[in-house]
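Engineer: For reference, this is upload_15.pdb, and it has PDB, C-alpha atoms and all ligand atoms.
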```pdb
ATOM      1  CA  MET A   1     -37.652  43.076  13.035
ATOM      2  CA  GLY A   2     -38.044  45.467  15.958
ATOM      3  CA  ASP A   3     -38.097  49.256  15.790
ATOM      4  CA  TYR A   4     -34.386  49.481  16.575
ATOM      5  CA  ALA A   5     -33.147  46.637  14.432
ATOM      6  CA  ALA A   6     -29.856  47.350  12.719
ATOM      7  CA  ARG A   7     -29.707  50.937  13.922
ATOM      8  CA  GLU A   8     -26.236  52.497  14.077
ATOM      9  CA  GLY A   9     -24.909  55.896  14.978
ATOM     10  CA  ASP A  10     -23.093  57.855  12.292
ATOM     11  CA  LEU A  11     -19.831  59.785  12.420
ATOM     12  CA  ASP A  12     -21.054  63.334  11.883
ATOM     13  CA  ALA A  13     -19.962  65.252  14.981
ATOM     14  CA  THR A  14     -21.338  68.614  13.842
ATOM     15  CA  GLY A  15     -22.542  70.545  16.895
ATOM     16  CA  MET A  16     -21.273  67.930  19.367
ATOM     17  CA  ARG A  17     -19.332  68.940  22.485
ATOM     18  CA  PHE A  18     -16.683  66.669  23.965
ATOM     19  CA  ALA A  19     -14.447  66.575  27.010
ATOM     20  CA  ILE A  20     -11.258  64.553  26.993
ATOM     21  CA  VAL A  21      -9.914  63.479  30.397
ATOM     22  CA  VAL A  22      -6.300  62.479  29.956
ATOM     23  CA  ALA A  23      -3.887  61.011  32.498
ATOM     24  CA  ARG A  24      -0.417  62.538  32.980
ATOM     25  CA  PHE A  25       1.009  59.167  34.098
ATOM     26  CA  ASN A  26       2.931  57.704  31.124
ATOM     27  CA  ARG A  27       2.527  61.081  29.466
ATOM     28  CA  ASP A  28       4.630  60.200  26.416
ATOM     29  CA  ILE A  29       1.948  57.631  25.550
ATOM     30  CA  THR A  30      -1.136  59.560  26.640
ATOM     31  CA  GLU A  31      -0.113  62.625  24.607
ATOM     32  CA  GLU A  32      -0.179  60.451  21.507
ATOM     33  CA  LEU A  33      -3.611  59.131  22.452
ATOM     34  CA  LEU A  34      -4.738  62.736  22.868
ATOM     35  CA  ASP A  35      -3.325  63.784  19.484
ATOM     36  CA  GLY A  36      -5.260  60.976  17.810
ATOM     37  CA  ALA A  37      -8.521  61.758  19.583
ATOM     38  CA  GLU A  38      -8.296  65.493  18.816
ATOM     39  CA  ARG A  39      -7.427  64.774  15.175
ATOM     40  CA  ILE A  40     -10.575  62.666  14.739
ATOM     41  CA  LEU A  41     -12.870  65.115  16.537
ATOM     42  CA  ARG A  42     -11.605  67.961  14.334
ATOM     43  CA  LYS A  43     -11.920  65.869  11.179
ATOM     44  CA  HIS A  44     -15.556  65.051  11.999
ATOM     45  CA  ASP A  45     -16.419  68.700  12.762
ATOM     46  CA  ALA A  46     -16.926  68.588  16.526
ATOM     47  CA  ALA A  47     -18.164  71.945  17.828
ATOM     48  CA  ASP A  48     -16.167  72.016  21.055
ATOM     49  CA  VAL A  49     -13.405  69.960  22.682
ATOM     50  CA  SER A  50     -12.123  70.570  26.231
ATOM     51  CA  VAL A  51      -9.058  68.767  27.551
ATOM     52  CA  LEU A  52      -8.619  68.057  31.263
ATOM     53  CA  TRP A  53      -5.441  66.541  32.679
ATOM     54  CA  VAL A  54      -5.560  64.271  35.744
ATOM     55  CA  PRO A  55      -2.600  62.730  37.625
ATOM     56  CA  GLY A  56      -3.276  59.101  36.669
ATOM     57  CA  ALA A  57      -5.927  56.948  35.036
ATOM     58  CA  PHE A  58      -7.344  56.126  38.470
ATOM     59  CA  GLU A  59      -8.484  59.769  38.862
ATOM     60  CA  SER A  60     -10.291  59.930  35.521
ATOM     61  CA  PRO A  61     -13.711  58.469  36.528
ATOM     62  CA  LEU A  62     -14.455  61.191  39.069
ATOM     63  CA  VAL A  63     -13.672  64.009  36.650
ATOM     64  CA  ALA A  64     -15.492  62.213  33.845
ATOM     65  CA  LYS A  65     -18.589  61.789  35.976
ATOM     66  CA  ARG A  66     -18.594  65.441  37.055
ATOM     67  CA  LEU A  67     -18.364  66.584  33.441
ATOM     68  CA  ALA A  68     -20.901  64.076  32.187
ATOM     69  CA  ALA A  69     -23.395  65.204  34.837
ATOM     70  CA  SER A  70     -22.817  68.905  34.096
ATOM     71  CA  GLY A  71     -24.926  69.077  30.952
ATOM     72  CA  THR A  72     -22.105  70.890  29.154
ATOM     73  CA  VAL A  73     -20.808  67.987  27.054
ATOM     74  CA  ASP A  74     -22.335  65.271  24.881
ATOM     75  CA  ALA A  75     -19.642  62.690  25.658
ATOM     76  CA  VAL A  76     -16.483  62.270  27.691
ATOM     77  CA  ILE A  77     -13.410  60.424  26.438
ATOM     78  CA  CYS A  78     -10.994  59.041  29.048
ATOM     79  CA  LEU A  79      -7.428  58.466  27.892
ATOM     80  CA  GLY A  80      -4.691  56.750  29.877
ATOM     81  CA  ALA A  81      -2.035  54.053  29.846
ATOM     82  CA  VAL A  82      -1.611  51.404  32.517
ATOM     83  CA  ILE A  83       1.424  49.189  31.948
ATOM     84  CA  ARG A  84       1.493  45.814  33.712
ATOM     85  CA  GLY A  85       5.268  45.450  33.714
ATOM     86  CA  GLU A  86       5.719  48.783  35.497
ATOM     87  CA  THR A  87       3.206  48.541  38.322
ATOM     88  CA  ALA A  88       2.677  45.928  41.010
ATOM     89  CA  HIS A  89      -0.915  47.099  41.411
ATOM     90  CA  PHE A  90      -1.828  46.954  37.718
ATOM     91  CA  GLU A  91      -5.055  45.019  38.371
ATOM     92  CA  TYR A  92      -6.296  47.617  40.853
ATOM     93  CA  VAL A  93      -5.486  50.648  38.734
ATOM     94  CA  ALA A  94      -6.764  49.140  35.478
ATOM     95  CA  GLY A  95      -9.776  47.404  37.009
ATOM     96  CA  GLU A  96     -10.999  50.303  39.109
ATOM     97  CA  THR A  97     -10.481  52.751  36.263
ATOM     98  CA  ALA A  98     -12.592  50.587  33.968
ATOM     99  CA  ALA A  99     -15.278  50.096  36.621
ATOM    100  CA  GLY A 100     -15.374  53.809  37.414
ATOM    101  CA  ILE A 101     -15.657  54.820  33.777
ATOM    102  CA  THR A 102     -18.498  52.364  33.270
ATOM    103  CA  ARG A 103     -20.248  53.735  36.321
ATOM    104  CA  ALA A 104     -19.837  57.351  35.220
ATOM    105  CA  ALA A 105     -21.601  56.531  31.962
ATOM    106  CA  LEU A 106     -24.404  54.480  33.508
ATOM    107  CA  ASP A 107     -25.030  56.955  36.334
ATOM    108  CA  THR A 108     -25.271  59.947  33.993
ATOM    109  CA  GLY A 109     -26.610  58.481  30.738
ATOM    110  CA  ILE A 110     -23.780  60.225  28.864
ATOM    111  CA  PRO A 111     -21.247  58.168  26.891
ATOM    112  CA  VAL A 112     -17.951  57.933  28.779
ATOM    113  CA  ILE A 113     -15.458  56.212  26.540
ATOM    114  CA  PHE A 114     -12.722  53.876  27.780
ATOM    115  CA  GLY A 115      -9.637  54.994  25.906
ATOM    116  CA  VAL A 116      -7.244  53.594  28.474
ATOM    117  CA  LEU A 117      -4.518  51.273  27.255
ATOM    118  CA  THR A 118      -4.009  48.294  29.576
ATOM    119  CA  VAL A 119      -0.908  46.609  28.226
ATOM    120  CA  ASP A 120       1.986  44.407  29.310
ATOM    121  CA  ASP A 121       4.763  46.732  28.148
ATOM    122  CA  ARG A 122       5.586  49.878  26.158
ATOM    123  CA  GLU A 123       5.953  47.986  22.919
ATOM    124  CA  GLN A 124       2.321  46.880  23.139
ATOM    125  CA  ALA A 125       1.356  50.480  23.864
ATOM    126  CA  HIS A 126       3.143  51.697  20.724
ATOM    127  CA  ASP A 127       1.420  48.984  18.668
ATOM    128  CA  ARG A 128      -1.828  50.747  19.683
ATOM    129  CA  LEU A 129      -0.640  54.242  18.748
ATOM    130  CA  GLY A 130      -0.692  53.892  15.003
ATOM    131  CA  GLY A 131       1.200  50.577  14.838
ATOM    132  CA  LYS A 132      -0.149  47.161  13.992
ATOM    133  CA  GLU A 133      -3.088  47.424  16.414
ATOM    134  CA  GLY A 134      -4.495  50.700  15.073
ATOM    135  CA  HIS A 135      -4.689  53.938  17.043
ATOM    136  CA  LYS A 136      -6.655  53.719  20.289
ATOM    137  CA  GLY A 137      -6.954  57.497  20.695
ATOM    138  CA  GLU A 138      -8.576  57.789  17.282
ATOM    139  CA  GLU A 139     -10.800  54.791  17.977
ATOM    140  CA  ALA A 140     -11.937  56.258  21.298
ATOM    141  CA  ALA A 141     -13.002  59.472  19.561
ATOM    142  CA  LEU A 142     -14.855  57.562  16.841
ATOM    143  CA  SER A 143     -16.670  55.550  19.522
ATOM    144  CA  ALA A 144     -17.665  58.767  21.294
ATOM    145  CA  ILE A 145     -19.126  60.322  18.130
ATOM    146  CA  GLU A 146     -20.972  57.133  17.227
ATOM    147  CA  MET A 147     -22.455  56.768  20.712
ATOM    148  CA  VAL A 148     -23.715  60.362  20.829
ATOM    149  CA  SER A 149     -25.296  59.888  17.425
ATOM    150  CA  LEU A 150     -26.861  56.553  18.376
ATOM    151  CA  LEU A 151     -28.259  57.785  21.705
ATOM    152  CA  ARG A 152     -29.795  60.854  20.026
ATOM    153  CA  GLY A 153     -31.907  58.501  17.950
ATOM    154  CA  LEU A 154     -33.149  56.471  20.907
ATOM    155  CA  PRO A 155     -36.045  57.320  23.234
TER     156      PRO A 155
HETATM  157  N1  LIG A 201      -1.582  55.484  36.620
HETATM  158  C1  LIG A 201      -1.657  55.311  35.286
HETATM  159  O1  LIG A 201      -2.395  56.045  34.616
HETATM  160  N2  LIG A 201      -0.928  54.336  34.682
HETATM  161  C2  LIG A 201      -0.107  53.490  35.381
HETATM  162  O2  LIG A 201       0.546  52.621  34.764
HETATM  163  C3  LIG A 201      -0.012  53.659  36.782
HETATM  164  N3  LIG A 201       0.874  52.823  37.575
HETATM  165  O3  LIG A 201       1.792  52.237  36.994
HETATM  166  O4  LIG A 201       0.748  52.766  38.770
HETATM  167  C4  LIG A 201      -0.779  54.681  37.395
HETATM  168  N4  LIG A 201      -0.743  54.882  38.729
HETATM  169  C5  LIG A 201      -1.242  56.082  39.342
HETATM  170  C6  LIG A 201      -2.738  56.051  39.620
HETATM  171  O5  LIG A 201      -3.479  56.181  38.418
HETATM  172  C7  LIG A 201      -3.151  57.191  40.546
HETATM  173  O6  LIG A 201      -2.820  58.417  39.953
HETATM  174  C8  LIG A 201      -2.479  57.126  41.926
HETATM  175  O7  LIG A 201      -2.652  55.850  42.494
HETATM  176  C9  LIG A 201      -3.121  58.157  42.870
HETATM  177  O8  LIG A 201      -4.501  57.878  43.088
END
```
Spell out the structure here as structure tokens.
Ligand code: INI
Structural biologist:
Amino acid sequence: MGDYAAREGDLDATGMRFAIVVARFNRDITEELLDGAERILRKHDAADVSVLWVPGAFESPLVAKRLAASGTVDAVICLGAVIRGETAHFEYVAGETAAGITRAALDTGIPVIFGVLTVDDREQAHDRLGGKEGHKGEEAALSAIEMVSLLRGLP
């Protein structure tokens, strides 16, 4: 077994600082994602949580990258909702948002979490807000805490 075999981050967010970048587009949905993420960060004793609103999910990578590079946060959580049935350019918005979020994390070395729902319709979105598919805002926050913890233990 190697040095890093079976290593996992834990969920103690004590002292951790987070930024949440949340899209105003489909705000009824993204506010619920935000509520879930904030609830989890509070529950796990995060030291600081800043919330930044952007017009749509497409704008989130730039803000996420700026924050991640600033040295002021340990992780960034991007929240948004892109609904296939309501946009002809779903693939562009969803795909470029995902690519940009990935790039922000890899360019900065800071976890940037993809908490963007990419769904066919509103019903599927609600299934992911505490319905049968869990709560994606809560899950995004848990992923952020775990990634900060894991990276702190790596060289
Ligand atoms: N932005 C979203 O966050 N979700 C969507 O479903 C969406 N649709 O349907 O188009 C959307 N578009 C706006 C986009 O994110 C940008 O704000 C806009 O293109 C300006 O750059």
Engineer: Would you work out the distance separating CA of Lys65 in chain A from CA of Arg17 in chain A, expressed in Å to one decimal?
Structural biologist: 15.3 Å
Engineer: On this file, the PyMOL selection byres (((chain A and resi 87-97) around 10) and not hetatm) gives some set of residues; write that set as a list in words.
Structural biologist: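 After applying the PyMOL selection byres (((chain A and resi 87-97) around 10) and not hetatm), what remains is Gly56, Ala57, Phe58, Glu59, Ser60, Pro61, Leu62, Cys78, Gly80, Ala81, Val82, Ile83, Arg84, Gly85, Glu86, Ala98, Ala99, Gly100, Ile101, Thr102, Arg103, Phe114, Val116, Leu117, Thr118, Val119 and Asp120 of chain A.
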Engineer: Can you pull out the residues contacting range 36-46 of chain A? Cut-off 8 Å, using only C-alpha atoms, and skip same-chain residues under 3 positions away; I want them as a PyMOL selection string.
Structural biologist: chain A and resi 11-18+32-33+49+135-142
Engineer: Atom O6 of ligand LIG 201 (chain A) and CA of Arg122 in chain A, how far apart in Å?
Structural biologist: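 Separation between CA of Arg122 in chain A and atom O6 of ligand LIG 201 (chain A): 18.3 Å.
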Engineer: Using all atoms listed in the file, which residue out of A:Asp121, A:Asp3, A:Glu8, A:Glu146 lies closest to ligand LIG 201 (chain A)?
Structural biologist: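 Answer, going by the shortest atom-to-atom distance: A:Asp121.
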Engineer: Starting from the shown file, work through the PyMOL selection byres (((chain A and resi 25) around 7) and not hetatm) and note down what comes out as a list in words.
Structural biologist: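 Here the PyMOL selection byres (((chain A and resi 25) around 7) and not hetatm) matches Ala23, Arg24, Asn26, Arg27, Pro55 and Gly56 of chain A.
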Engineer: Mind pulling up the distance from CA of Met147 in chain A to atom N1 of ligand LIG 201 (chain A)?
Structural biologist: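 Answer for the atom N1 of ligand LIG 201 (chain A) to CA of Met147 in chain A separation: 26.3 Å.
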Engineer: So which one's closest to Ile110 in chain A, A:Ile145, A:Val63, A:Leu79, A:Ala68? Using all atoms listed in the file, please.
Structural biologist: A:Ala68
Engineer: Using all atoms listed in the file for the distances, tell me which of A:Ala104, A:Ile29, A:Arg128, A:Gly153 is nearest to ligand LIG 201 (chain A).
Structural biologist: A:Ile29
Engineer: Find the smallest box with edges along x, y and z containing every listed atom of ligand LIG 201 (chain A), then add 3 Å on each side and report centre and edge lengths in Å to one decimal, as AutoDock Vina command-line options.
Structural biologist:
```
--center_x -1.4 --center_y 55.3 --center_z 38.9 --size_x 12.3 --size_y 12.2 --size_z 14.5
```
Engineer: Here is a test: counting all atoms listed in the file, which residue of A:Leu129, A:Ile77, A:Val21, A:Ala47 is nearest to ligand LIG 201 (chain A)?
Structural biologist: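 The answer is A:Val21, which sits nearest to ligand LIG 201 (chain A).
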Engineer: Which residue, A:Gly130, A:Pro155, A:Val22, A:Gly109, has the smallest gap to ligand LIG 201 (chain A) when you use only C-alpha atoms and all ligand atoms?
Structural biologist: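 Once distances to ligand LIG 201 (chain A) are computed over only C-alpha atoms and all ligand atoms, the minimum belongs to A:Val22.
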Engineer: For ligand LIG 201 (chain A), which residue among A:Val54, A:Val148, A:Leu106, A:Leu154 is the nearest when counting all atoms listed in the file?
Structural biologist: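 Of all the options, A:Val54 lies closest to ligand LIG 201 (chain A).
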Engineer: Could you complete range 41-52 of chain A so that it carries all heavy atoms, and give it back as an mmCIF file, keeping the file's coordinate frame?
Structural biologist:
```
data_model
loop_
_atom_site.group_PDB
_atom_site.id
_atom_site.type_symbol
_atom_site.label_atom_id
_atom_site.label_comp_id
_atom_site.auth_asym_id
_atom_site.auth_seq_id
_atom_site.Cartn_x
_atom_site.Cartn_y
_atom_site.Cartn_z
ATOM 1 N N LEU A 41 -11.751 64.222 16.202
ATOM 2 C CA LEU A 41 -12.870 65.115 16.537
ATOM 3 C C LEU A 41 -12.892 66.327 15.608
ATOM 4 O O LEU A 41 -13.952 66.774 15.160
ATOM 5 C CB LEU A 41 -12.788 65.539 18.004
ATOM 6 C CG LEU A 41 -12.954 64.396 19.012
ATOM 7 C CD1 LEU A 41 -12.787 64.915 20.440
ATOM 8 C CD2 LEU A 41 -14.307 63.701 18.866
ATOM 9 N N ARG A 42 -11.692 66.840 15.295
ATOM 10 C CA ARG A 42 -11.605 67.961 14.334
ATOM 11 C C ARG A 42 -12.085 67.530 12.959
ATOM 12 O O ARG A 42 -12.884 68.218 12.312
ATOM 13 C CB ARG A 42 -10.146 68.428 14.225
ATOM 14 C CG ARG A 42 -9.819 69.690 15.002
ATOM 15 C CD ARG A 42 -8.518 70.330 14.523
ATOM 16 N NE ARG A 42 -7.434 69.390 14.298
ATOM 17 C CZ ARG A 42 -6.600 68.970 15.239
ATOM 18 N NH1 ARG A 42 -6.728 69.398 16.484
ATOM 19 N NH2 ARG A 42 -5.636 68.111 14.966
ATOM 20 N N LYS A 43 -11.586 66.371 12.523
ATOM 21 C CA LYS A 43 -11.920 65.869 11.179
ATOM 22 C C LYS A 43 -13.432 65.688 11.001
ATOM 23 O O LYS A 43 -13.968 65.890 9.910
ATOM 24 C CB LYS A 43 -11.200 64.533 10.965
ATOM 25 C CG LYS A 43 -11.439 63.856 9.654
ATOM 26 C CD LYS A 43 -10.550 62.627 9.521
ATOM 27 C CE LYS A 43 -11.043 61.724 8.415
ATOM 28 N NZ LYS A 43 -10.352 60.435 8.426
ATOM 29 N N HIS A 44 -14.111 65.312 12.093
ATOM 30 C CA HIS A 44 -15.556 65.051 11.999
ATOM 31 C C HIS A 44 -16.388 66.251 12.464
ATOM 32 O O HIS A 44 -17.566 66.122 12.736
ATOM 33 C CB HIS A 44 -15.895 63.768 12.760
ATOM 34 C CG HIS A 44 -15.328 62.535 12.103
ATOM 35 N ND1 HIS A 44 -16.023 61.788 11.183
ATOM 36 C CD2 HIS A 44 -14.108 61.950 12.192
ATOM 37 C CE1 HIS A 44 -15.261 60.790 10.753
ATOM 38 N NE2 HIS A 44 -14.090 60.866 11.351
ATOM 39 N N ASP A 45 -15.717 67.425 12.547
ATOM 40 C CA ASP A 45 -16.419 68.700 12.762
ATOM 41 C C ASP A 45 -17.066 68.871 14.126
ATOM 42 O O ASP A 45 -18.148 69.469 14.245
ATOM 43 C CB ASP A 45 -17.479 68.930 11.664
ATOM 44 C CG ASP A 45 -16.850 68.964 10.280
ATOM 45 O OD1 ASP A 45 -15.796 69.610 10.135
ATOM 46 O OD2 ASP A 45 -17.393 68.327 9.359
ATOM 47 N N ALA A 46 -16.420 68.352 15.171
ATOM 48 C CA ALA A 46 -16.926 68.588 16.526
ATOM 49 C C ALA A 46 -16.971 70.084 16.805
ATOM 50 O O ALA A 46 -16.110 70.847 16.357
ATOM 51 C CB ALA A 46 -16.020 67.903 17.546
ATOM 52 N N ALA A 47 -17.998 70.512 17.561
ATOM 53 C CA ALA A 47 -18.164 71.945 17.828
ATOM 54 C C ALA A 47 -17.229 72.423 18.924
ATOM 55 O O ALA A 47 -16.759 73.564 18.905
ATOM 56 C CB ALA A 47 -19.607 72.219 18.236
ATOM 57 N N ASP A 48 -16.959 71.577 19.910
ATOM 58 C CA ASP A 48 -16.167 72.016 21.055
ATOM 59 C C ASP A 48 -15.448 70.826 21.687
ATOM 60 O O ASP A 48 -16.045 69.764 21.846
ATOM 61 C CB ASP A 48 -17.091 72.662 22.094
ATOM 62 C CG ASP A 48 -16.295 73.375 23.163
ATOM 63 O OD1 ASP A 48 -15.571 74.318 22.823
ATOM 64 O OD2 ASP A 48 -16.370 72.954 24.331
ATOM 65 N N VAL A 49 -14.182 71.021 22.030
ATOM 66 C CA VAL A 49 -13.405 69.960 22.682
ATOM 67 C C VAL A 49 -12.614 70.578 23.836
ATOM 68 O O VAL A 49 -11.789 71.467 23.623
ATOM 69 C CB VAL A 49 -12.414 69.289 21.691
ATOM 70 C CG1 VAL A 49 -11.631 68.185 22.391
ATOM 71 C CG2 VAL A 49 -13.136 68.742 20.465
ATOM 72 N N SER A 50 -12.891 70.132 25.063
ATOM 73 C CA SER A 50 -12.123 70.570 26.231
ATOM 74 C C SER A 50 -11.208 69.432 26.663
ATOM 75 O O SER A 50 -11.605 68.267 26.606
ATOM 76 C CB SER A 50 -13.045 70.877 27.414
ATOM 77 O OG SER A 50 -14.028 71.793 27.041
ATOM 78 N N VAL A 51 -10.015 69.780 27.103
ATOM 79 C CA VAL A 51 -9.058 68.767 27.551
ATOM 80 C C VAL A 51 -8.748 69.005 29.024
ATOM 81 O O VAL A 51 -8.404 70.125 29.422
ATOM 82 C CB VAL A 51 -7.766 68.828 26.712
ATOM 83 C CG1 VAL A 51 -6.729 67.825 27.234
ATOM 84 C CG2 VAL A 51 -8.072 68.565 25.241
ATOM 85 N N LEU A 52 -8.899 67.953 29.832
ATOM 86 C CA LEU A 52 -8.619 68.057 31.263
ATOM 87 C C LEU A 52 -7.589 67.005 31.655
ATOM 88 O O LEU A 52 -7.787 65.812 31.392
ATOM 89 C CB LEU A 52 -9.903 67.832 32.075
ATOM 90 C CG LEU A 52 -10.941 68.908 31.798
ATOM 91 C CD1 LEU A 52 -11.976 68.392 30.844
ATOM 92 C CD2 LEU A 52 -11.554 69.383 33.072
#
```
